[in-house]
$ cat data.cif   # mmCIF, C-alpha atoms
data_query
loop_
_atom_site.label_atom_id
_atom_site.label_comp_id
_atom_site.auth_asym_id
_atom_site.auth_seq_id
_atom_site.Cartn_x
_atom_site.Cartn_y
_atom_site.Cartn_z
CA MET A 1 -16.55 48.51 -17.23
CA ASN A 2 -18.57 48.41 -14.02
CA LYS A 3 -19.46 51.31 -11.82
CA GLU A 4 -16.66 50.86 -9.23
CA GLU A 5 -13.95 50.73 -11.91
CA GLN A 6 -15.33 53.88 -13.51
CA ILE A 7 -15.29 55.72 -10.18
CA LEU A 8 -11.65 54.69 -9.53
CA LYS A 9 -10.61 55.65 -13.05
CA ASN A 10 -12.22 59.11 -12.75
CA ARG A 11 -10.70 59.70 -9.33
CA PHE A 12 -7.13 58.45 -9.91
CA GLY A 13 -6.73 58.32 -13.70
CA ASN A 14 -4.72 55.82 -15.78
CA GLU A 15 -1.26 56.81 -14.59
CA ASN A 16 1.10 54.30 -12.99
CA HIS A 17 2.01 55.81 -9.62
CA PHE A 18 4.62 53.17 -8.75
CA THR A 19 8.21 53.62 -9.88
CA VAL A 20 11.43 51.63 -9.51
CA PRO A 21 14.76 53.38 -8.98
CA ASP A 22 17.08 53.49 -11.98
CA GLY A 23 19.44 50.50 -12.22
CA TYR A 24 17.57 48.57 -9.50
CA PHE A 25 17.26 45.29 -11.39
CA GLU A 26 20.73 45.51 -12.97
CA GLN A 27 22.37 45.33 -9.54
CA PHE A 28 19.73 43.18 -7.85
CA ASN A 29 21.66 39.87 -8.03
CA ALA A 30 24.88 41.39 -6.71
CA ARG A 31 23.12 43.04 -3.75
CA LEU A 32 21.21 39.87 -2.92
CA MET A 33 24.36 37.73 -2.94
CA GLU A 34 26.10 40.24 -0.64
CA GLN A 35 23.28 39.94 1.90
CA LEU A 36 23.38 36.14 2.04
CA PRO A 37 25.58 34.60 4.74
CA GLU A 38 28.71 32.75 3.63
CA ARG A 39 28.43 28.96 3.78
CA GLU A 40 30.65 26.14 2.76
CA ALA A 41 29.49 23.95 -0.06
CA HIS A 42 28.16 20.69 1.34
CA VAL A 43 28.68 17.73 -0.94
CA VAL A 44 26.35 14.81 -0.40
CA SER A 45 27.64 11.47 -1.55
CA LEU A 46 25.28 8.54 -1.38
CA SER A 47 26.59 5.05 -1.28
CA ALA A 48 24.83 2.33 -3.24
CA TRP A 49 23.10 1.08 -0.08
CA LYS A 50 21.64 4.50 0.72
CA ARG A 51 20.35 4.88 -2.81
CA LEU A 52 18.82 1.39 -2.83
CA ARG A 53 17.40 1.55 0.71
CA PRO A 54 13.87 2.75 -0.28
CA ALA A 55 13.58 0.05 -2.94
CA MET A 56 14.81 -2.61 -0.51
CA MET A 57 12.30 -1.51 2.13
CA ALA A 58 9.47 -1.59 -0.39
CA ALA A 59 10.51 -5.07 -1.52
CA ALA A 60 10.64 -6.30 2.09
CA CYS A 61 7.15 -4.92 2.75
CA ALA A 62 5.78 -6.56 -0.39
CA ALA A 63 7.40 -9.89 0.54
CA GLY A 64 5.91 -9.67 4.03
CA VAL A 65 2.43 -9.03 2.67
CA LEU A 66 2.70 -11.88 0.16
CA LEU A 67 3.98 -14.27 2.81
CA SER A 68 1.13 -13.31 5.16
CA VAL A 69 -1.47 -13.81 2.45
CA GLY A 70 0.03 -17.19 1.52
CA ILE A 71 -0.02 -18.40 5.12
CA TYR A 72 -3.59 -17.19 5.59
CA ARG A 73 -4.77 -18.87 2.37
CA HIS A 74 -3.04 -22.13 3.28
CA ALA A 75 -4.62 -22.15 6.75
CA THR A 76 -8.12 -21.41 5.45
CA THR A 77 -7.78 -24.01 2.68
CA GLN A 78 -6.88 -26.70 5.23
CA GLU A 79 -9.84 -25.70 7.43
CA THR A 80 -12.19 -25.79 4.44
CA LYS A 81 -10.99 -29.25 3.44
CA ALA A 82 -11.44 -30.46 7.01
CA GLN A 83 -15.00 -29.11 7.07
CA LEU A 84 -15.94 -30.64 3.72
CA MET A 85 -14.61 -34.11 4.36
CA VAL A 86 -15.44 -36.59 7.07
CA GLN A 87 -13.09 -39.54 7.33
CA THR A 88 -14.54 -42.95 8.16
CA ASP A 89 -12.59 -46.15 7.58
CA GLY A 90 -10.16 -44.51 5.14
CA GLN A 91 -12.98 -43.24 2.90
CA TYR A 92 -13.76 -39.56 2.41
CA TYR A 93 -17.39 -38.48 2.19
CA TYR A 94 -18.18 -34.94 1.17
CA ASP A 95 -21.00 -32.98 2.69
CA LEU A 96 -23.93 -33.19 0.24
CA ASP A 97 -24.90 -29.52 0.63
CA GLU A 98 -21.35 -28.33 -0.10
CA ALA A 99 -21.09 -30.64 -3.12
CA ALA A 100 -24.47 -29.44 -4.45
CA ASP A 101 -23.40 -25.81 -4.07
CA TYR A 102 -20.12 -26.55 -5.83
CA MET A 103 -21.86 -28.28 -8.75
CA MET A 104 -24.65 -25.65 -8.81
CA LEU A 105 -27.39 -28.24 -8.44
CA ASP A 106 -30.88 -27.38 -7.37
CA ASN A 107 -33.44 -29.72 -5.77
CA ASP A 108 -34.89 -30.87 -9.10
CA ASP A 109 -31.45 -31.97 -10.33
CA ILE A 110 -30.78 -33.87 -7.11
CA TYR A 111 -34.16 -35.66 -7.29
CA ALA A 112 -33.54 -36.56 -10.92
CA MET A 113 -30.13 -38.07 -10.05
CA LEU A 114 -31.53 -40.04 -7.12
CA THR A 115 -34.33 -41.57 -9.18
CA ASN A 116 -31.99 -42.87 -11.91
#
$ encode --input "data.cif" --output "structure tokens"
Amino acid sequence: MNKEEQILKNRFGNENHFTVPDGYFEQFNARLMEQLPEREAHVVSLSAWKRLRPAMMAAACAAGVLLSVGIYRHATTQETKAQLMVQTDGQYYYDLDEAADYMMLDNDDIYAMLTN
């Protein structure tokens, strides 16, 4: 026990100075209900659409995101193909640097292939 607690205990003792009137908690619910204002019961009925609305909105958002990503990927794929290929006389020639990066070739591998 620290010093402050000892001082309070010596000054005021161990008695409980707070009391509750007799029968207070037995009648508590009845008194509380009397003090509340009267209201009619409000019944909430949700139709199927109202219950499914949050799920439908989430599905629409997910579909929008997926559609946007698909369009973006398609557009960037077409641009990448256009950058990699150069068309001359119906033949497609790939950029050598892009092909070397794709095949993970270094300079020694390229020199070895050119000498064979």
$ atom_distance --input "data.cif" --atom1 "CA of Glu26 in chain A" --atom2 "CA of Arg39 in chain A"
24.8 Å
$ atom_distance --input "data.cif" --atom1 "CA of Gly70 in chain A" --atom2 "CA of Tyr102 in chain A"
23.4 Å
$ atom_distance --input "data.cif" --atom1 "CA of Thr19 in chain A" --atom2 "CA of Arg31 in chain A"
19.3 Å
$ axis_aligned_box --input "data.cif" --around "range 10-21 of chain A" --padding-each-side "5 Å" --output "JSON"
{"center_x": 1.3, "center_y": 55.7, "center_z": -12.3, "size_x": 37.0, "size_y": 18.1, "size_z": 17.0}
$ closest_residue --input "data.cif" --among "A:Met113, A:Glu15, A:Val69, A:Leu8" --to "Ala100 in chain A" --atoms "only C-alpha atoms"
A:Met113
